[in-house]
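J.: One file is attached below, protein-v6.cif, containing mmCIF, C-alpha atoms, pLDDT in the B column; chains and numbers go by the auth columns.
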```cif
data_final
loop_
_atom_site.group_PDB
_atom_site.id
_atom_site.type_symbol
_atom_site.label_atom_id
_atom_site.label_comp_id
_atom_site.label_asym_id
_atom_site.label_seq_id
_atom_site.Cartn_x
_atom_site.Cartn_y
_atom_site.Cartn_z
_atom_site.B_iso_or_equiv
_atom_site.auth_seq_id
_atom_site.auth_asym_id
ATOM 1 C CA MET A 1 -51.722 69.330 94.315 52.00 1 V
ATOM 2 C CA SER A 2 -49.809 71.064 91.574 52.00 2 V
ATOM 3 C CA ILE A 3 -48.728 74.688 91.626 55.00 3 V
ATOM 4 C CA SER A 4 -51.074 75.496 88.729 49.00 4 V
ATOM 5 C CA THR A 5 -54.057 74.075 90.656 47.00 5 V
ATOM 6 C CA VAL A 6 -53.169 76.170 93.708 40.00 6 V
ATOM 7 C CA CYS A 7 -52.885 79.295 91.518 41.00 7 V
ATOM 8 C CA VAL A 8 -56.290 78.641 89.941 41.00 8 V
ATOM 9 C CA LEU A 9 -57.901 78.167 93.359 41.00 9 V
ATOM 10 C CA MET A 10 -56.308 81.409 94.616 44.00 10 V
ATOM 11 C CA LEU A 11 -57.588 83.329 91.589 42.00 11 V
ATOM 12 C CA ILE A 12 -61.115 82.003 92.141 43.00 12 V
ATOM 13 C CA CYS A 13 -60.984 83.030 95.826 44.00 13 V
ATOM 14 C CA LEU A 14 -59.633 86.472 94.998 41.00 14 V
ATOM 15 C CA SER A 15 -62.237 87.075 92.285 43.00 15 V
ATOM 16 C CA ALA A 16 -65.000 86.036 94.694 44.00 16 V
ATOM 17 C CA CYS A 17 -63.709 88.525 97.275 44.00 17 V
ATOM 18 C CA VAL A 18 -63.535 91.340 94.749 44.00 18 V
ATOM 19 C CA HIS A 19 -67.048 90.549 93.525 45.00 19 V
ATOM 20 C CA HIS A 20 -68.373 90.609 97.117 45.00 20 V
ATOM 21 C CA ASP A 21 -66.750 93.977 97.892 55.00 21 V
ATOM 22 C CA LYS A 22 -68.094 95.433 94.639 60.00 22 V
ATOM 23 C CA LYS A 23 -71.626 94.299 95.596 59.00 23 V
ATOM 24 C CA GLN A 24 -71.345 95.977 99.023 49.00 24 V
ATOM 25 C CA VAL A 25 -70.238 99.226 97.416 55.00 25 V
ATOM 26 C CA THR A 26 -73.089 99.058 94.880 60.00 26 V
ATOM 27 C CA ASP A 27 -75.681 98.431 97.617 56.00 27 V
ATOM 28 C CA ALA A 28 -74.357 101.377 99.655 57.00 28 V
ATOM 29 C CA VAL A 29 -74.519 103.715 96.663 63.00 29 V
ATOM 30 C CA GLU A 30 -78.051 102.582 95.738 70.00 30 V
ATOM 31 C CA ASN A 31 -79.354 103.064 99.296 77.00 31 V
ATOM 32 C CA ARG A 32 -77.341 106.092 100.443 77.00 32 V
ATOM 33 C CA ALA A 33 -79.998 107.010 103.023 78.00 33 V
ATOM 34 C CA ALA A 34 -79.219 103.834 104.981 80.00 34 V
ATOM 35 C CA MET A 35 -75.506 104.587 105.180 85.00 35 V
ATOM 36 C CA PRO A 36 -74.236 107.016 107.824 88.00 36 V
ATOM 37 C CA VAL A 37 -72.085 109.908 106.683 88.00 37 V
ATOM 38 C CA LEU A 38 -70.387 109.680 110.110 87.00 38 V
ATOM 39 C CA ASP A 39 -69.856 106.543 112.174 90.00 39 V
ATOM 40 C CA ALA A 40 -67.685 107.538 115.129 91.00 40 V
ATOM 41 C CA ARG A 41 -66.650 105.328 118.053 95.00 41 V
ATOM 42 C CA ASP A 42 -65.587 106.260 121.603 95.00 42 V
ATOM 43 C CA VAL A 43 -66.639 109.886 121.182 93.00 43 V
ATOM 44 C CA ILE A 44 -65.713 112.623 123.666 94.00 44 V
ATOM 45 C CA THR A 45 -66.841 116.085 122.562 92.00 45 V
ATOM 46 C CA LEU A 46 -66.505 119.370 124.422 92.00 46 V
ATOM 47 C CA ILE A 47 -68.831 122.287 123.647 89.00 47 V
ATOM 48 C CA SER A 48 -67.853 125.802 124.622 90.00 48 V
ATOM 49 C CA ASP A 49 -69.612 129.158 124.729 86.00 49 V
ATOM 50 C CA SER A 50 -67.563 132.363 124.586 86.00 50 V
ATOM 51 C CA GLY A 51 -64.384 130.357 125.145 86.00 51 V
ATOM 52 C CA ILE A 52 -65.697 128.632 128.297 86.00 52 V
ATOM 53 C CA THR A 53 -66.305 124.866 128.251 88.00 53 V
ATOM 54 C CA ARG A 54 -70.000 124.293 129.019 89.00 54 V
ATOM 55 C CA TYR A 55 -70.771 120.689 128.006 90.00 55 V
ATOM 56 C CA ARG A 56 -69.111 117.333 127.505 93.00 56 V
ATOM 57 C CA ILE A 57 -70.728 114.555 125.475 93.00 57 V
ATOM 58 C CA LEU A 58 -69.562 110.956 125.726 96.00 58 V
ATOM 59 C CA ALA A 59 -70.830 108.161 123.469 96.00 59 V
ATOM 60 C CA ASP A 60 -69.564 104.727 122.478 97.00 60 V
ATOM 61 C CA SER A 61 -71.120 105.148 119.015 96.00 61 V
ATOM 62 C CA TRP A 62 -72.437 108.186 117.115 95.00 62 V
ATOM 63 C CA GLN A 63 -73.939 107.827 113.651 95.00 63 V
ATOM 64 C CA ILE A 64 -75.225 110.647 111.427 94.00 64 V
ATOM 65 C CA TYR A 65 -77.629 109.794 108.594 94.00 65 V
ATOM 66 C CA ASP A 66 -77.716 112.986 106.520 93.00 66 V
ATOM 67 C CA LYS A 67 -79.480 111.494 103.456 91.00 67 V
ATOM 68 C CA ALA A 68 -82.312 109.789 105.372 92.00 68 V
ATOM 69 C CA THR A 69 -85.793 111.301 105.396 93.00 69 V
ATOM 70 C CA PRO A 70 -85.784 112.969 107.856 94.00 70 V
ATOM 71 C CA PRO A 71 -82.038 113.280 108.522 96.00 71 V
ATOM 72 C CA TYR A 72 -81.092 112.047 111.992 96.00 72 V
ATOM 73 C CA TRP A 73 -78.356 111.280 114.468 96.00 73 V
ATOM 74 C CA GLU A 74 -78.303 108.016 116.384 97.00 74 V
ATOM 75 C CA PHE A 75 -76.446 106.967 119.515 97.00 75 V
ATOM 76 C CA PRO A 76 -77.226 103.216 119.551 97.00 76 V
ATOM 77 C CA ALA A 77 -75.015 102.457 122.565 97.00 77 V
ATOM 78 C CA GLY A 78 -76.266 105.398 124.639 97.00 78 V
ATOM 79 C CA ILE A 79 -75.189 108.919 125.461 97.00 79 V
ATOM 80 C CA TYR A 80 -73.896 110.824 128.490 97.00 80 V
ATOM 81 C CA LEU A 81 -74.012 114.638 128.646 94.00 81 V
ATOM 82 C CA GLU A 82 -72.503 116.815 131.386 94.00 82 V
ATOM 83 C CA ASN A 83 -73.160 120.513 131.969 91.00 83 V
ATOM 84 C CA PHE A 84 -70.356 122.406 133.685 90.00 84 V
ATOM 85 C CA ASN A 85 -70.695 125.245 136.213 86.00 85 V
ATOM 86 C CA GLN A 86 -68.546 128.378 136.078 83.00 86 V
ATOM 87 C CA ASP A 87 -65.815 126.607 138.109 84.00 87 V
ATOM 88 C CA LEU A 88 -65.923 123.656 135.632 84.00 88 V
ATOM 89 C CA SER A 89 -67.499 121.301 138.177 86.00 89 V
ATOM 90 C CA ILE A 90 -70.376 119.126 136.935 90.00 90 V
ATOM 91 C CA GLY A 91 -73.600 121.000 137.630 89.00 91 V
ATOM 92 C CA ALA A 92 -76.005 118.696 135.805 93.00 92 V
ATOM 93 C CA TYR A 93 -75.969 115.529 133.706 95.00 93 V
ATOM 94 C CA LEU A 94 -78.208 113.491 131.440 95.00 94 V
ATOM 95 C CA GLU A 95 -77.691 109.882 130.344 97.00 95 V
ATOM 96 C CA ALA A 96 -79.623 107.211 128.458 98.00 96 V
ATOM 97 C CA ASP A 97 -79.093 103.759 126.949 98.00 97 V
ATOM 98 C CA TYR A 98 -80.133 105.009 123.488 98.00 98 V
ATOM 99 C CA ALA A 99 -80.540 108.436 121.868 97.00 99 V
ATOM 100 C CA TYR A 100 -82.044 109.629 118.577 98.00 100 V
ATOM 101 C CA TYR A 101 -82.028 113.199 117.256 96.00 101 V
ATOM 102 C CA ASP A 102 -84.338 114.285 114.416 97.00 102 V
ATOM 103 C CA GLU A 103 -82.601 117.189 112.646 96.00 103 V
ATOM 104 C CA SER A 104 -85.757 118.487 110.952 96.00 104 V
ATOM 105 C CA THR A 105 -87.864 118.822 114.134 97.00 105 V
ATOM 106 C CA GLN A 106 -84.888 119.370 116.480 96.00 106 V
ATOM 107 C CA ILE A 107 -86.310 116.779 118.885 97.00 107 V
ATOM 108 C CA TRP A 108 -84.200 114.357 120.909 96.00 108 V
ATOM 109 C CA ARG A 109 -85.661 111.006 122.007 98.00 109 V
ATOM 110 C CA LEU A 110 -83.854 109.271 124.867 98.00 110 V
ATOM 111 C CA ASP A 111 -84.755 105.675 125.686 98.00 111 V
ATOM 112 C CA GLY A 112 -83.820 103.161 128.356 97.00 112 V
ATOM 113 C CA ASN A 113 -82.705 104.054 131.868 97.00 113 V
ATOM 114 C CA VAL A 114 -82.882 107.791 131.296 98.00 114 V
ATOM 115 C CA ARG A 115 -81.316 109.525 134.290 97.00 115 V
ATOM 116 C CA SER A 116 -80.701 113.187 134.916 96.00 116 V
ATOM 117 C CA LEU A 117 -79.515 115.514 137.639 95.00 117 V
ATOM 118 C CA ASN A 118 -80.508 119.186 137.436 94.00 118 V
ATOM 119 C CA GLN A 119 -78.601 122.216 138.774 91.00 119 V
ATOM 120 C CA VAL A 120 -80.464 122.153 142.120 92.00 120 V
ATOM 121 C CA GLY A 121 -79.656 118.481 142.828 93.00 121 V
ATOM 122 C CA GLU A 122 -82.957 116.831 141.858 95.00 122 V
ATOM 123 C CA LYS A 123 -82.597 113.400 140.242 97.00 123 V
ATOM 124 C CA PHE A 124 -84.949 112.348 137.434 97.00 124 V
ATOM 125 C CA GLU A 125 -85.457 108.744 136.281 98.00 125 V
ATOM 126 C CA THR A 126 -87.711 107.604 133.432 97.00 126 V
ATOM 127 C CA PRO A 127 -87.686 104.994 130.658 98.00 127 V
ATOM 128 C CA GLN A 128 -88.234 107.618 127.926 98.00 128 V
ATOM 129 C CA LEU A 129 -87.728 111.350 127.567 97.00 129 V
ATOM 130 C CA PHE A 130 -88.136 113.875 124.745 97.00 130 V
ATOM 131 C CA TRP A 131 -86.311 117.197 124.439 96.00 131 V
ATOM 132 C CA SER A 132 -87.458 119.798 121.926 96.00 132 V
ATOM 133 C CA GLN A 133 -84.526 122.122 121.374 92.00 133 V
ATOM 134 C CA LYS A 134 -86.658 124.479 119.288 94.00 134 V
ATOM 135 C CA ASP A 135 -89.300 124.854 122.042 95.00 135 V
ATOM 136 C CA GLU A 136 -86.732 124.556 124.895 94.00 136 V
ATOM 137 C CA ARG A 137 -88.999 121.961 126.497 96.00 137 V
ATOM 138 C CA ILE A 138 -88.512 118.475 127.965 96.00 138 V
ATOM 139 C CA TYR A 139 -91.438 116.057 128.265 97.00 139 V
ATOM 140 C CA SER A 140 -92.483 112.441 128.661 96.00 140 V
ATOM 141 C CA ASP A 141 -95.640 110.333 128.875 96.00 141 V
ATOM 142 C CA SER A 142 -93.787 107.603 130.784 96.00 142 V
ATOM 143 C CA MET A 143 -93.395 106.895 134.479 96.00 143 V
ATOM 144 C CA ILE A 144 -91.170 109.521 136.118 96.00 144 V
ATOM 145 C CA THR A 145 -89.454 109.473 139.515 95.00 145 V
ATOM 146 C CA ILE A 146 -87.996 112.690 140.889 94.00 146 V
ATOM 147 C CA THR A 147 -85.835 112.384 143.986 94.00 147 V
ATOM 148 C CA ARG A 148 -85.416 115.590 145.959 90.00 148 V
ATOM 149 C CA GLU A 149 -83.565 116.180 149.191 89.00 149 V
ATOM 150 C CA THR A 150 -86.688 115.706 151.338 86.00 150 V
ATOM 151 C CA SER A 151 -89.177 113.934 149.055 87.00 151 V
ATOM 152 C CA ILE A 152 -89.698 111.467 146.236 90.00 152 V
ATOM 153 C CA ILE A 153 -92.316 112.294 143.621 90.00 153 V
ATOM 154 C CA GLN A 154 -93.619 109.842 141.058 94.00 154 V
ATOM 155 C CA GLY A 155 -96.063 110.289 138.242 94.00 155 V
ATOM 156 C CA ILE A 156 -97.089 109.267 134.767 95.00 156 V
ATOM 157 C CA GLY A 157 -95.860 111.975 132.410 95.00 157 V
ATOM 158 C CA PHE A 158 -94.285 115.360 132.946 94.00 158 V
ATOM 159 C CA GLU A 159 -93.290 118.568 131.183 97.00 159 V
ATOM 160 C CA SER A 160 -90.400 120.855 132.030 96.00 160 V
ATOM 161 C CA ASN A 161 -88.207 123.706 130.889 95.00 161 V
ATOM 162 C CA GLN A 162 -84.943 122.472 129.380 89.00 162 V
ATOM 163 C CA GLU A 163 -83.029 123.102 132.618 90.00 163 V
ATOM 164 C CA MET A 164 -85.498 120.744 134.384 92.00 164 V
ATOM 165 C CA THR A 165 -86.012 123.262 137.184 92.00 165 V
ATOM 166 C CA LYS A 166 -89.656 124.237 136.499 95.00 166 V
ATOM 167 C CA TYR A 167 -91.798 121.191 135.841 95.00 167 V
ATOM 168 C CA THR A 168 -95.330 119.812 135.981 94.00 168 V
ATOM 169 C CA ILE A 169 -95.977 116.157 136.809 93.00 169 V
ATOM 170 C CA ARG A 170 -99.125 114.481 135.536 93.00 170 V
ATOM 171 C CA LYS A 171 -100.846 111.839 137.689 91.00 171 V
ATOM 172 C CA PRO A 172 -98.472 112.470 140.623 89.00 172 V
ATOM 173 C CA THR A 173 -97.943 110.286 143.676 82.00 173 V
ATOM 174 C CA GLY A 174 -95.252 110.559 146.291 71.00 174 V
ATOM 175 C CA ILE A 175 -93.992 110.758 149.822 70.00 175 V
ATOM 176 C CA PHE A 176 -93.938 114.268 151.268 65.00 176 V
ATOM 177 C CA PRO A 177 -92.769 115.257 154.751 68.00 177 V
ATOM 178 C CA ILE A 178 -95.339 117.191 156.790 70.00 178 V
ATOM 179 C CA LYS A 179 -94.189 119.588 159.480 72.00 179 V
ATOM 180 C CA ASP A 180 -95.958 119.318 162.837 72.00 180 V
ATOM 181 C CA GLU A 181 -97.111 122.692 164.118 68.00 181 V
#
```
Would you write out, as structure tokens, the structure that this file holds?

T.:
Amino acid sequence: MSISTVCVLMLICLSACVHHDKKQVTDAVENRAAMPVLDARDVITLISDSGITRYRILADSWQIYDKATPPYWEFPAGIYLENFNQDLSIGAYLEADYAYYDESTQIWRLDGNVRSLNQVGEKFETPQLFWSQKDERIYSDSMITITRETSIIQGIGFESNQEMTKYTIRKPTGIFPIKDE
């Protein structure tokens, strides 16, 4: 193969690569709503209030779609949120395999192995959970299991305050200890 043939082949390959990149850029500009403005990996975020660290968020992937209708955040590889007590120990946590936040309604949707621990030590497990930040309310129509120190409560659906300390369980079942008198 001559040097001129090699040069021609390299030019063809390079022009094909440039053309491909140009097409990707054009597609992204034409469909801006489908392109995240933020695509962060291995995220660790601390949130403070009055100079005191209150929350820590961990996520393998966090994407923000600001031009979508409605604008949303997505955590396709899951999310883990910790709430710290005054002494900076973990007082509560919430985790899920997938999370979606709708900016316009201020509603979080958590899917897949949703697990939570509230400030009084009760563990919640459900396949799906919704959190309305605007209404300060957490709810689900899915199966819920709440493990307390002395009982396990199950039901289909529940509603709670956002601290998950005052809640109502729909269609409850469970095992409750009865004191002999």

J.: Using the chain letters and numbers from the file, which residues does the PyMOL selection byres ((chain V and resi 172-174) around 7) grab, as a PyMOL selection string?

T.: chain V and resi 152-156+169-171+175-176

J.: Give me a file of those residues, with C-alpha atoms, as a tab-separated table (two decimals), keeping the file's coordinate frame.

T.:
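Just written: out_32.tsv:
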```tsv
chain	number	residue	atom	x	y	z
V	152	ILE	CA	-89.70	111.47	146.24
V	153	ILE	CA	-92.32	112.29	143.62
V	154	GLN	CA	-93.62	109.84	141.06
V	155	GLY	CA	-96.06	110.29	138.24
V	156	ILE	CA	-97.09	109.27	134.77
V	169	ILE	CA	-95.98	116.16	136.81
V	170	ARG	CA	-99.12	114.48	135.54
V	171	LYS	CA	-100.85	111.84	137.69
V	175	ILE	CA	-93.99	110.76	149.82
V	176	PHE	CA	-93.94	114.27	151.27
```

J.: Grab the CA of Phe84 in chain V to CA of Ser132 in chain V distance for me, in Å with one decimal place.

T.: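 One can read the CA of Phe84 in chain V to CA of Ser132 in chain V distance as 20.9 Å.
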
J.: Please measure the separation of CA of Leu46 in chain V and CA of Tyr65 in chain V, giving the value in Å to one decimal.

T.: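 Separation of CA of Leu46 in chain V and CA of Tyr65 in chain V: 21.6 Å.
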
J.: Could you jot down the CA of Lys123 in chain V to CA of Ser151 in chain V separation for me, Å, one decimal place?

T.: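 Value for the CA of Lys123 in chain V-CA of Ser151 in chain V distance: 11.0 Å.
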
J.: Under the rule that all atoms listed in the file are counted, which of V:Ile107, V:Ala40, V:Leu117, V:Ala99 is the nearest residue to Glu74 in chain V?

T.: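 Using all atoms listed in the file, the shortest distance to Glu74 in chain V belongs to V:Ala99.
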
J.: Name the residues in contact with Phe158 in chain V at a cut-off of 12 Å, using all atoms listed in the file, excluding same-chain residues fewer than 3 positions from it; report them as a PyMOL selection string.

T.: chain V and resi 124-126+128-131+137-146+153-155+161+164+166-172

J.: Write the residues of the selection above to a file with C-alpha atoms, as a PDB file, keeping the file's coordinate frame.

T.:
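Writing the result to result.pdb gives the following:
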```
ATOM      1  CA  PHE V 124     -84.949 112.348 137.434  1.00 97.00           C
ATOM      2  CA  GLU V 125     -85.457 108.744 136.281  1.00 98.00           C
ATOM      3  CA  THR V 126     -87.711 107.604 133.432  1.00 97.00           C
ATOM      4  CA  GLN V 128     -88.234 107.618 127.926  1.00 98.00           C
ATOM      5  CA  LEU V 129     -87.728 111.350 127.567  1.00 97.00           C
ATOM      6  CA  PHE V 130     -88.136 113.875 124.745  1.00 97.00           C
ATOM      7  CA  TRP V 131     -86.311 117.197 124.439  1.00 96.00           C
ATOM      8  CA  ARG V 137     -88.999 121.961 126.497  1.00 96.00           C
ATOM      9  CA  ILE V 138     -88.512 118.475 127.965  1.00 96.00           C
ATOM     10  CA  TYR V 139     -91.438 116.057 128.265  1.00 97.00           C
ATOM     11  CA  SER V 140     -92.483 112.441 128.661  1.00 96.00           C
ATOM     12  CA  ASP V 141     -95.640 110.333 128.875  1.00 96.00           C
ATOM     13  CA  SER V 142     -93.787 107.603 130.784  1.00 96.00           C
ATOM     14  CA  MET V 143     -93.395 106.895 134.479  1.00 96.00           C
ATOM     15  CA  ILE V 144     -91.170 109.521 136.118  1.00 96.00           C
ATOM     16  CA  THR V 145     -89.454 109.473 139.515  1.00 95.00           C
ATOM     17  CA  ILE V 146     -87.996 112.690 140.889  1.00 94.00           C
ATOM     18  CA  ILE V 153     -92.316 112.294 143.621  1.00 90.00           C
ATOM     19  CA  GLN V 154     -93.619 109.842 141.058  1.00 94.00           C
ATOM     20  CA  GLY V 155     -96.063 110.289 138.242  1.00 94.00           C
ATOM     21  CA  ASN V 161     -88.207 123.706 130.889  1.00 95.00           C
ATOM     22  CA  MET V 164     -85.498 120.744 134.384  1.00 92.00           C
ATOM     23  CA  LYS V 166     -89.656 124.237 136.499  1.00 95.00           C
ATOM     24  CA  TYR V 167     -91.798 121.191 135.841  1.00 95.00           C
ATOM     25  CA  THR V 168     -95.330 119.812 135.981  1.00 94.00           C
ATOM     26  CA  ILE V 169     -95.977 116.157 136.809  1.00 93.00           C
ATOM     27  CA  ARG V 170     -99.125 114.481 135.536  1.00 93.00           C
ATOM     28  CA  LYS V 171    -100.846 111.839 137.689  1.00 91.00           C
ATOM     29  CA  PRO V 172     -98.472 112.470 140.623  1.00 89.00           C
TER      30      PRO V 172
END
```

J.: Which one is closest to Asp66 in chain V: V:Asp102, V:Lys179, V:Thr150, V:Leu110? Count all atoms listed in the file.

T.: V:Asp102

J.: Identify all residues satisfying the PyMOL selection byres ((chain V and resi 45) around 12) in the given file; provide them as a VMD selection string.

T.: chain V and resid 40 to 44 46 to 48 53 to 60 62 79 to 82

J.: For a quick check of understanding, using all atoms listed in the file, which of V:Ser104, V:Ser160, V:Ser89, V:Asn31 has the smallest distance to Trp73 in chain V?

T.: V:Ser104

J.: Mind telling me what the PyMOL selection byres ((chain V and resi 96) around 8) catches here, as a ChimeraX atom specification?

T.: /V:78-80,94-95,97-99,110-115

J.: Determine the nearest neighbour of Gln119 in chain V from the options V:Gln162, V:Thr69, V:Thr105, V:Ser61, counting all atoms listed in the file.

T.: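 The shortest atom-to-atom distance to Gln119 in chain V comes from V:Gln162.
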